file upload21.tsv (TSV, C-alpha atoms)
chain	number	residue	atom	x	y	z
F	150	MET	CA	43.42	-60.82	-10.91
F	151	ILE	CA	40.27	-59.82	-9.02
F	152	ASP	CA	36.69	-60.55	-10.06
F	153	ALA	CA	35.13	-57.18	-9.27
F	154	HIS	CA	31.53	-58.41	-9.20
F	155	ILE	CA	30.16	-61.89	-8.56
F	156	HIS	CA	27.04	-63.33	-6.86
F	157	LEU	CA	28.97	-66.00	-5.03
F	158	GLU	CA	26.14	-67.06	-2.74
F	159	GLN	CA	23.99	-67.99	-5.76
F	160	TYR	CA	26.25	-70.88	-6.77
F	161	GLU	CA	25.37	-74.38	-5.56
F	162	ASP	CA	27.34	-75.30	-2.43
F	163	ASN	CA	29.50	-77.97	-4.07
F	164	GLU	CA	30.16	-75.85	-7.13
F	165	ARG	CA	31.12	-72.86	-4.99
F	166	SER	CA	33.47	-74.89	-2.78
F	167	SER	CA	35.24	-76.35	-5.80
F	168	LEU	CA	35.42	-72.95	-7.48
F	169	LEU	CA	36.94	-71.21	-4.45
F	170	ALA	CA	39.45	-73.97	-3.77
F	171	GLY	CA	40.95	-73.66	-7.23
F	172	LEU	CA	41.22	-69.87	-7.49
F	173	PRO	CA	44.86	-69.43	-6.39
F	174	GLN	CA	46.03	-71.86	-9.08
F	175	GLN	CA	43.98	-69.96	-11.66
F	176	GLY	CA	45.49	-66.59	-10.94
F	177	ILE	CA	42.56	-65.14	-8.96
F	178	GLU	CA	43.54	-63.38	-5.76
F	179	SER	CA	40.11	-62.24	-4.55
F	180	LEU	CA	36.45	-61.67	-5.39
F	181	ILE	CA	34.03	-58.83	-4.66
F	182	ALA	CA	30.95	-60.83	-3.65
F	183	VAL	CA	27.74	-58.80	-3.88
F	184	SER	CA	24.37	-59.51	-2.29
F	185	MET	CA	20.69	-59.35	-3.27
F	186	ASN	CA	18.87	-58.67	0.04
F	187	LEU	CA	19.18	-59.34	3.78
F	188	ALA	CA	19.14	-63.14	3.53
F	189	SER	CA	21.63	-63.02	0.67
F	190	SER	CA	23.85	-60.59	2.60
F	191	ARG	CA	23.93	-62.98	5.54
F	192	ARG	CA	24.94	-65.86	3.27
F	193	THR	CA	27.63	-63.74	1.63
F	194	ARG	CA	29.03	-62.82	5.03
F	195	GLU	CA	29.14	-66.47	6.08
F	196	ILE	CA	31.05	-67.40	2.91
F	197	ALA	CA	33.49	-64.52	3.39
F	198	ALA	CA	34.13	-65.65	6.97
F	199	ARG	CA	35.11	-69.11	5.69
F	200	TYR	CA	37.43	-67.65	3.05
F	201	PRO	CA	39.08	-64.61	4.68
F	202	GLY	CA	41.11	-62.52	2.28
F	203	LEU	CA	39.74	-64.32	-0.75
F	204	VAL	CA	36.10	-63.22	-0.56
F	205	LYS	CA	35.41	-59.52	-0.05
F	206	PRO	CA	31.71	-59.11	0.82
F	207	ALA	CA	29.30	-56.37	-0.25
F	208	TYR	CA	25.82	-56.07	1.24
F	209	GLY	CA	22.75	-54.48	-0.33
F	210	PHE	CA	19.40	-54.85	-2.10
F	211	HIS	CA	19.26	-55.63	-5.82
F	212	PRO	CA	16.65	-53.44	-7.54
F	213	GLU	CA	15.34	-56.07	-9.99
F	214	GLN	CA	13.04	-57.65	-7.41
F	215	THR	CA	9.95	-56.83	-5.38
F	216	LEU	CA	10.48	-53.87	-3.08
F	217	PRO	CA	11.12	-54.75	0.58
F	218	GLU	CA	8.49	-54.13	3.21
F	219	ALA	CA	9.30	-51.34	5.68
F	220	GLU	CA	10.31	-53.79	8.42
F	221	GLU	CA	12.56	-55.75	6.04
F	222	LEU	CA	14.28	-52.58	4.84
F	223	THR	CA	14.86	-51.36	8.39
F	224	ALA	CA	16.32	-54.74	9.31
F	225	LEU	CA	18.62	-54.65	6.26
F	226	LEU	CA	19.85	-51.12	6.97
F	227	ASP	CA	20.48	-51.96	10.62
F	228	TRP	CA	22.28	-55.18	9.67
F	229	ILE	CA	24.52	-53.43	7.13
F	230	THR	CA	25.36	-50.74	9.68
F	231	ALA	CA	26.28	-53.40	12.24
F	232	HIS	CA	28.55	-55.23	9.78
F	233	ALA	CA	29.99	-52.25	7.91
F	234	GLY	CA	33.43	-52.95	9.33
F	235	ASP	CA	33.85	-56.21	7.45
F	236	MET	CA	32.32	-55.25	4.09
F	237	ALA	CA	34.07	-53.96	0.99
F	238	ALA	CA	31.07	-51.98	-0.25
F	239	ILE	CA	27.31	-51.55	-0.25
F	240	GLY	CA	25.94	-53.46	-3.20
F	241	GLU	CA	24.36	-54.49	-5.36
F	242	ILE	CA	22.01	-51.51	-5.39
F	243	GLY	CA	20.49	-49.37	-8.12
F	244	LEU	CA	17.36	-49.00	-10.26
F	245	PRO	CA	15.20	-51.65	-11.99
F	246	TYR	CA	15.71	-50.93	-15.70
F	247	TYR	CA	15.00	-54.46	-16.95
F	248	SER	CA	11.94	-55.08	-14.76
F	249	ARG	CA	10.51	-51.74	-15.84
F	250	ALA	CA	11.16	-52.51	-19.52
F	251	GLU	CA	9.42	-55.88	-19.18
F	252	ALA	CA	6.43	-54.23	-17.51
F	253	ALA	CA	6.23	-51.66	-20.29
F	254	ALA	CA	6.29	-54.44	-22.90
F	255	ARG	CA	3.27	-55.97	-21.14
F	256	GLY	CA	1.51	-52.59	-21.12
F	257	GLU	CA	1.73	-52.29	-17.35
F	258	ALA	CA	2.28	-49.07	-15.39
F	259	TRP	CA	5.45	-48.70	-13.33
F	260	ASP	CA	6.11	-46.32	-10.45
F	261	MET	CA	9.80	-45.52	-10.11
F	262	GLY	CA	9.30	-43.35	-7.04
F	263	PRO	CA	9.64	-46.10	-4.41
F	264	TYR	CA	12.75	-47.51	-6.11
F	265	ILE	CA	14.40	-44.11	-6.17
F	266	GLU	CA	13.51	-43.62	-2.51
F	267	LEU	CA	15.03	-47.01	-1.65
F	268	LEU	CA	18.23	-46.23	-3.51
F	269	ASP	CA	18.39	-42.81	-1.86
F	270	ARG	CA	18.28	-44.45	1.57
F	271	LEU	CA	20.96	-46.99	0.66
F	272	LEU	CA	23.23	-44.29	-0.72
F	273	GLY	CA	22.67	-42.24	2.41
F	274	LEU	CA	23.83	-45.21	4.46
F	275	ALA	CA	26.89	-45.64	2.22
F	276	ALA	CA	27.79	-42.00	2.79
F	277	GLN	CA	27.27	-42.43	6.52
F	278	VAL	CA	29.54	-45.46	6.85
F	279	GLY	CA	32.04	-44.26	4.25
F	280	LYS	CA	31.89	-47.24	1.90
F	281	PRO	CA	31.96	-47.51	-1.92
F	282	VAL	CA	28.76	-48.46	-3.75
F	283	VAL	CA	28.24	-51.17	-6.37
F	284	LEU	CA	25.57	-50.07	-8.82
F	285	HIS	CA	23.06	-51.71	-11.13
F	286	ALA	CA	22.22	-48.67	-13.27
F	287	VAL	CA	22.08	-48.75	-17.07
F	288	TYR	CA	20.86	-46.55	-19.93
F	289	GLU	CA	18.62	-43.68	-18.75
F	290	ASP	CA	18.65	-44.90	-15.13
F	291	ALA	CA	22.34	-44.11	-14.82
F	292	TRP	CA	21.72	-40.37	-15.15
F	293	THR	CA	19.26	-40.48	-12.26
F	294	VAL	CA	21.77	-42.44	-10.20
F	295	CYS	CA	24.45	-39.85	-10.93
F	296	ASP	CA	22.09	-37.19	-9.54
F	297	LEU	CA	21.64	-39.21	-6.35
F	298	LEU	CA	25.37	-39.85	-5.98
F	299	GLU	CA	26.05	-36.14	-6.20
F	300	ARG	CA	23.29	-35.42	-3.68
F	301	HIS	CA	25.09	-37.63	-1.17
F	302	ASN	CA	28.60	-36.48	-2.19
F	303	ILE	CA	29.55	-40.06	-3.05
F	304	THR	CA	32.56	-40.30	-5.35
F	305	GLN	CA	33.39	-44.00	-4.93
F	306	ALA	CA	30.85	-45.49	-7.33
F	307	HIS	CA	31.23	-48.69	-9.36
F	308	PHE	CA	28.70	-49.09	-12.21
F	309	HIS	CA	28.90	-52.80	-12.95
F	310	TRP	CA	28.17	-54.12	-16.50
F	311	PHE	CA	27.30	-50.57	-17.53
F	312	LYS	CA	25.66	-49.52	-20.80
F	313	GLY	CA	24.44	-46.01	-21.53
F	314	PRO	CA	24.34	-42.96	-23.80
F	315	GLU	CA	27.33	-40.76	-24.53
F	316	ALA	CA	26.18	-37.87	-22.32
F	317	THR	CA	25.95	-40.19	-19.32
F	318	VAL	CA	29.30	-41.78	-20.11
F	319	GLN	CA	30.95	-38.36	-20.19
F	320	ARG	CA	29.29	-37.34	-16.92
F	321	MET	CA	30.48	-40.52	-15.23
F	322	ILE	CA	34.02	-40.02	-16.52
F	323	SER	CA	34.09	-36.43	-15.27
F	324	CYS	CA	33.00	-37.64	-11.82
F	325	GLY	CA	35.64	-40.38	-11.75
F	326	TYR	CA	33.13	-43.22	-11.49
F	327	TYR	CA	34.38	-46.73	-12.28
F	328	ILE	CA	32.81	-49.29	-14.61
F	329	SER	CA	33.52	-52.99	-15.11
F	330	PHE	CA	33.36	-55.26	-18.12
F	331	THR	CA	32.10	-58.84	-18.25
F	332	PRO	CA	33.04	-61.64	-20.67
F	333	ASP	CA	30.58	-60.19	-23.20
F	334	ILE	CA	33.32	-57.74	-24.14
F	335	LEU	CA	34.58	-60.56	-26.36
F	336	TYR	CA	31.49	-60.52	-28.59
F	337	GLU	CA	29.31	-57.43	-27.99
F	338	GLN	CA	30.08	-54.44	-30.22
F	339	GLU	CA	28.28	-52.00	-27.90
F	340	ILE	CA	30.50	-53.05	-25.01
F	341	GLN	CA	33.67	-52.90	-27.11
F	342	ASP	CA	32.81	-49.35	-28.21
F	343	LEU	CA	32.34	-48.31	-24.58
F	344	ALA	CA	35.61	-49.98	-23.60
F	345	ARG	CA	37.48	-47.97	-26.21
F	346	ARG	CA	36.30	-44.61	-24.87
F	347	TYR	CA	36.24	-45.15	-21.10
F	348	PRO	CA	39.52	-44.14	-19.40
F	349	PRO	CA	41.70	-47.19	-18.62
F	350	GLU	CA	42.32	-45.99	-15.08
F	351	LEU	CA	38.57	-46.24	-14.28
F	352	VAL	CA	37.94	-49.80	-15.48
F	353	MET	CA	37.69	-53.19	-13.76
F	354	ALA	CA	36.91	-56.79	-14.83
F	355	GLU	CA	33.98	-58.86	-13.55
F	356	THR	CA	31.96	-61.97	-14.32
F	357	ASP	CA	28.59	-61.31	-12.61
F	358	GLY	CA	28.59	-65.06	-12.06
F	359	PRO	CA	26.72	-67.31	-12.10
F	360	TRP	CA	25.11	-65.35	-14.95
F	361	PRO	CA	25.87	-67.28	-18.19
F	362	PHE	CA	27.52	-65.83	-21.29
F	363	GLU	CA	27.35	-66.46	-25.00
F	364	GLY	CA	29.95	-66.43	-27.79
F	365	PRO	CA	33.00	-68.50	-26.82
F	366	PHE	CA	31.48	-69.08	-23.36
F	367	THR	CA	28.25	-70.70	-24.57
F	368	GLY	CA	27.42	-73.74	-22.45
F	369	ARG	CA	30.13	-73.03	-19.90
F	370	ALA	CA	29.53	-72.30	-16.22
F	371	THR	CA	30.63	-68.77	-15.39
F	372	HIS	CA	33.89	-68.83	-13.43
F	373	PRO	CA	35.97	-66.00	-11.91
F	374	ALA	CA	38.93	-67.04	-14.09
F	375	MET	CA	37.01	-65.61	-17.05
F	376	VAL	CA	38.28	-62.18	-15.97
F	377	HIS	CA	41.54	-63.20	-17.65
F	378	ASP	CA	39.63	-63.36	-20.94
F	379	VAL	CA	38.06	-59.99	-20.17
F	380	ALA	CA	41.49	-58.48	-19.58
F	381	ALA	CA	42.89	-59.88	-22.82
F	382	ALA	CA	39.97	-58.56	-24.86
F	383	TRP	CA	40.01	-55.16	-23.16
F	384	GLY	CA	43.77	-54.86	-23.53
F	385	ALA	CA	43.60	-55.64	-27.25
F	386	LEU	CA	41.23	-52.69	-27.74
F	387	HIS	CA	43.84	-50.37	-26.19
F	388	GLY	CA	47.02	-51.94	-27.51
F	389	TYR	CA	48.14	-53.39	-24.18
F	390	SER	CA	49.82	-56.75	-23.83
F	391	ILE	CA	47.86	-59.30	-21.83
F	392	PRO	CA	50.14	-58.93	-18.75
F	393	GLU	CA	49.82	-55.14	-18.96
F	394	ALA	CA	46.03	-55.31	-19.22
F	395	LYS	CA	45.75	-57.68	-16.26
F	396	ALA	CA	48.04	-55.48	-14.17
F	397	ILE	CA	46.05	-52.31	-14.95
F	398	LEU	CA	42.63	-53.81	-14.20
F	399	THR	CA	43.85	-55.46	-11.02
F	400	ALA	CA	45.51	-52.28	-9.76
F	401	ASN	CA	42.32	-50.33	-10.48
F	402	THR	CA	40.23	-52.81	-8.48
F	403	ARG	CA	42.63	-52.79	-5.55
F	404	ARG	CA	42.63	-49.00	-5.54
F	405	PHE	CA	38.86	-48.62	-5.76
F	406	TYR	CA	38.09	-51.16	-3.03
F	407	GLY	CA	41.08	-50.33	-0.86
F	408	LEU	CA	42.49	-53.86	-1.04
call {"tool": "encode", "arguments": {"input": "upload21.tsv", "output": "structure tokens"}}
result
Amino acid sequence: MIDAHIHLEQYEDNERSSLLAGLPQQGIESLIAVSMNLASSRRTREIAARYPGLVKPAYGFHPEQTLPEAEELTALLDWITAHAGDMAAIGEIGLPYYSRAEAAARGEAWDMGPYIELLDRLLGLAAQVGKPVVLHAVYEDAWTVCDLLERHNITQAHFHWFKGPEATVQRMISCGYYISFTPDILYEQEIQDLARRYPPELVMAETDGPWPFEGPFTGRATHPAMVHDVAAAWGALHGYSIPEAKAILTANTRRFYGL
């Protein structure tokens, strides 16, 4: 299978080396390794160069962090443009739902304008270089992101670990946008409900590692092989056998990322 979304450069060096060395024996053929910012993108590219074919890099700026200064953003955009030929996608990019919610809980004001402008520039670059986008966009933010995708005529959009209202789900389905499920599909009712109604041909499996999970994964380090558990749980919701579920999710990921 393929882990469609993992922060590979955030693992400790020894842990990452051990993890990558064992993937073929654990039925993992490749990983889509996303990035957080320019420094992260550089590290991701270095890892991908050491593991050609196994690690498929994506470069971007994660929205749940302080906005980049103008010089930093220009450097990131220039760097992505220069290395577009070896990347699978631009990502992780999106809007800061969780940071905004935390600020609201503290009674602090939050200006979304600069974050929307940043995402607009990153999507413009994706359209320019003709690459898919990996999106961090949940709940009400996803509708705004759909507007921006349409503005740039981007159809290759992957909403990772998505959650959102029915109207947004239907809009995303009508546009042919992909989503991916993490190991929390084993124990989160909200995610299981979404999995039942999203078209099987638009679904992938991910871990978002090293992010930790609960339920049967409590206390365990997040590993790409957990996508096998995701496939089994997703397949059970649709009546697929485990081999059928793995084959569908893997084929979807290959198709979306052109692997």
call {"tool": "closest_atom_pairs", "arguments": {"input": "upload21.tsv", "of": "stretch 284-394 of chain F", "to": "stretch 168-179 of chain F", "cutoff": "12 Å", "atoms": "only C-alpha atoms", "output": "JSON lines"}}
result
{"residue": "F:Ala354", "atom": "CA", "partner": "F:Ile177", "partner_atom": "CA", "distance": 11.7}
{"residue": "F:Glu355", "atom": "CA", "partner": "F:Ser179", "partner_atom": "CA", "distance": 11.4}
{"residue": "F:Gly358", "atom": "CA", "partner": "F:Leu168", "partner_atom": "CA", "distance": 11.4}
{"residue": "F:Pro359", "atom": "CA", "partner": "F:Leu168", "partner_atom": "CA", "distance": 11.4}
{"residue": "F:Ala370", "atom": "CA", "partner": "F:Leu168", "partner_atom": "CA", "distance": 10.6}
{"residue": "F:Thr371", "atom": "CA", "partner": "F:Leu168", "partner_atom": "CA", "distance": 10.1}
{"residue": "F:His372", "atom": "CA", "partner": "F:Leu168", "partner_atom": "CA", "distance": 7.4}
{"residue": "F:Pro373", "atom": "CA", "partner": "F:Ile177", "partner_atom": "CA", "distance": 7.3}
{"residue": "F:Ala374", "atom": "CA", "partner": "F:Gln175", "partner_atom": "CA", "distance": 6.3}
{"residue": "F:Met375", "atom": "CA", "partner": "F:Ile177", "partner_atom": "CA", "distance": 9.8}
{"residue": "F:Val376", "atom": "CA", "partner": "F:Ile177", "partner_atom": "CA", "distance": 8.7}
{"residue": "F:His377", "atom": "CA", "partner": "F:Gly176", "partner_atom": "CA", "distance": 8.5}
{"residue": "F:Pro392", "atom": "CA", "partner": "F:Gly176", "partner_atom": "CA", "distance": 11.9}
call {"tool": "atom_distance", "arguments": {"input": "upload21.tsv", "atom1": "atom CA of F:Thr293", "atom2": "atom CA of F:Thr331"}}
result
23.2 Å
call {"tool": "closest_atom_pairs", "arguments": {"input": "upload21.tsv", "of": "stretch 274-338 of chain F", "to": "stretch 227-231 of chain F", "cutoff": "12 Å", "atoms": "all atoms listed in the file", "output": "Markdown table"}}
result
| residue | atom | partner | partner_atom | distance |
| --- | --- | --- | --- | --- |
| F:Leu274 | CA | F:Thr230 | CA | 7.8 |
| F:Ala275 | CA | F:Thr230 | CA | 9.2 |
| F:Ala276 | CA | F:Thr230 | CA | 11.4 |
| F:Gln277 | CA | F:Thr230 | CA | 9.1 |
| F:Val278 | CA | F:Thr230 | CA | 7.3 |
| F:Gly279 | CA | F:Thr230 | CA | 10.8 |
| F:Lys280 | CA | F:Thr230 | CA | 10.7 |
call {"tool": "closest_residue", "arguments": {"input": "upload21.tsv", "among": "F:Phe405, F:Pro361, F:Val318, F:Leu187", "to": "F:Glu220", "atoms": "only C-alpha atoms"}}
result
F:Leu187
call {"tool": "atom_distance", "arguments": {"input": "upload21.tsv", "atom1": "atom CA of F:His309", "atom2": "atom CA of F:Arg192"}}
result
21.2 Å
call {"tool": "residues_around", "arguments": {"input": "upload21.tsv", "residues": "F:Gly273", "least_positions_apart": "4", "cutoff": "10 Å", "atoms": "only C-alpha atoms", "output": "PDB file with C-alpha atoms, in the coordinates of the input"}}
result
ATOM      1  CA  LEU F 267      15.030 -47.010  -1.650  1.00  0.00           C
ATOM      2  CA  LEU F 268      18.230 -46.230  -3.510  1.00  0.00           C
ATOM      3  CA  ASP F 269      18.390 -42.810  -1.860  1.00  0.00           C
ATOM      4  CA  GLN F 277      27.270 -42.430   6.520  1.00  0.00           C
ATOM      5  CA  VAL F 278      29.540 -45.460   6.850  1.00  0.00           C
ATOM      6  CA  GLY F 279      32.040 -44.260   4.250  1.00  0.00           C
ATOM      7  CA  LEU F 297      21.640 -39.210  -6.350  1.00  0.00           C
ATOM      8  CA  LEU F 298      25.370 -39.850  -5.980  1.00  0.00           C
ATOM      9  CA  ARG F 300      23.290 -35.420  -3.680  1.00  0.00           C
ATOM     10  CA  HIS F 301      25.090 -37.630  -1.170  1.00  0.00           C
ATOM     11  CA  ASN F 302      28.600 -36.480  -2.190  1.00  0.00           C
ATOM     12  CA  ILE F 303      29.550 -40.060  -3.050  1.00  0.00           C
TER      13      ILE F 303
END
call {"tool": "closest_residue", "arguments": {"input": "upload21.tsv", "among": "F:Met150, F:Ala207, F:Leu216, F:Leu335", "to": "F:Ala233", "atoms": "all atoms listed in the file"}}
result
F:Ala207
call {"tool": "atom_distance", "arguments": {"input": "upload21.tsv", "atom1": "atom CA of F:Tyr389", "atom2": "atom CA of F:Tyr336"}}
result
18.6 Å
call {"tool": "closest_residue", "arguments": {"input": "upload21.tsv", "among": "F:Glu213, F:Asp357, F:Glu164, F:Glu221", "to": "F:Ala188", "atoms": "all atoms listed in the file"}}
result
F:Glu221
call {"tool": "closest_residue", "arguments": {"input": "upload21.tsv", "among": "F:Pro263, F:Pro217, F:Pro212, F:Pro348", "to": "F:His285", "atoms": "all atoms listed in the file"}}
result
F:Pro212
call {"tool": "decode", "arguments": {"input": "upload21.tsv", "residues": "stretch 372-384 of chain F", "atoms": "N, CA, C and O atoms", "output": "mmCIF file, in the first residue's frame"}}
result
data_model
loop_
_atom_site.group_PDB
_atom_site.id
_atom_site.type_symbol
_atom_site.label_atom_id
_atom_site.label_comp_id
_atom_site.auth_asym_id
_atom_site.auth_seq_id
_atom_site.Cartn_x
_atom_site.Cartn_y
_atom_site.Cartn_z
ATOM 1 N N HIS F 372 3.198 4.407 12.479
ATOM 2 C CA HIS F 372 4.019 3.761 11.452
ATOM 3 C C HIS F 372 3.206 3.661 10.155
ATOM 4 O O HIS F 372 1.989 3.433 10.193
ATOM 5 N N PRO F 373 3.860 3.827 8.996
ATOM 6 C CA PRO F 373 3.133 3.722 7.726
ATOM 7 C C PRO F 373 2.332 2.431 7.564
ATOM 8 O O PRO F 373 1.299 2.423 6.876
ATOM 9 N N ALA F 374 2.785 1.347 8.171
ATOM 10 C CA ALA F 374 2.059 0.071 8.043
ATOM 11 C C ALA F 374 0.659 0.137 8.628
ATOM 12 O O ALA F 374 -0.178 -0.732 8.353
ATOM 13 N N MET F 375 0.366 1.179 9.406
ATOM 14 C CA MET F 375 -0.987 1.338 9.946
ATOM 15 C C MET F 375 -2.022 1.591 8.858
ATOM 16 O O MET F 375 -3.227 1.485 9.109
ATOM 17 N N VAL F 376 -1.575 1.922 7.632
ATOM 18 C CA VAL F 376 -2.555 2.088 6.551
ATOM 19 C C VAL F 376 -3.240 0.757 6.240
ATOM 20 O O VAL F 376 -4.351 0.747 5.687
ATOM 21 N N HIS F 377 -2.628 -0.353 6.580
ATOM 22 C CA HIS F 377 -3.297 -1.644 6.406
ATOM 23 C C HIS F 377 -4.522 -1.735 7.326
ATOM 24 O O HIS F 377 -5.573 -2.251 6.922
ATOM 25 N N ASP F 378 -4.382 -1.214 8.543
ATOM 26 C CA ASP F 378 -5.519 -1.175 9.467
ATOM 27 C C ASP F 378 -6.600 -0.235 8.958
ATOM 28 O O ASP F 378 -7.799 -0.515 9.086
ATOM 29 N N VAL F 379 -6.172 0.892 8.396
ATOM 30 C CA VAL F 379 -7.122 1.844 7.816
ATOM 31 C C VAL F 379 -7.915 1.172 6.695
ATOM 32 O O VAL F 379 -9.144 1.281 6.629
ATOM 33 N N ALA F 380 -7.217 0.468 5.832
ATOM 34 C CA ALA F 380 -7.883 -0.201 4.706
ATOM 35 C C ALA F 380 -8.890 -1.234 5.183
ATOM 36 O O ALA F 380 -10.009 -1.324 4.659
ATOM 37 N N ALA F 381 -8.514 -2.017 6.181
ATOM 38 C CA ALA F 381 -9.416 -3.042 6.701
ATOM 39 C C ALA F 381 -10.673 -2.419 7.285
ATOM 40 O O ALA F 381 -11.793 -2.889 7.033
ATOM 41 N N ALA F 382 -10.510 -1.342 8.064
ATOM 42 C CA ALA F 382 -11.657 -0.680 8.678
ATOM 43 C C ALA F 382 -12.536 -0.016 7.632
ATOM 44 O O ALA F 382 -13.773 -0.099 7.688
ATOM 45 N N TRP F 383 -11.914 0.656 6.671
ATOM 46 C CA TRP F 383 -12.674 1.303 5.593
ATOM 47 C C TRP F 383 -13.411 0.261 4.762
ATOM 48 O O TRP F 383 -14.593 0.428 4.441
ATOM 49 N N GLY F 384 -12.730 -0.812 4.412
ATOM 50 C CA GLY F 384 -13.355 -1.859 3.610
ATOM 51 C C GLY F 384 -14.550 -2.483 4.301
ATOM 52 O O GLY F 384 -15.571 -2.780 3.652
#
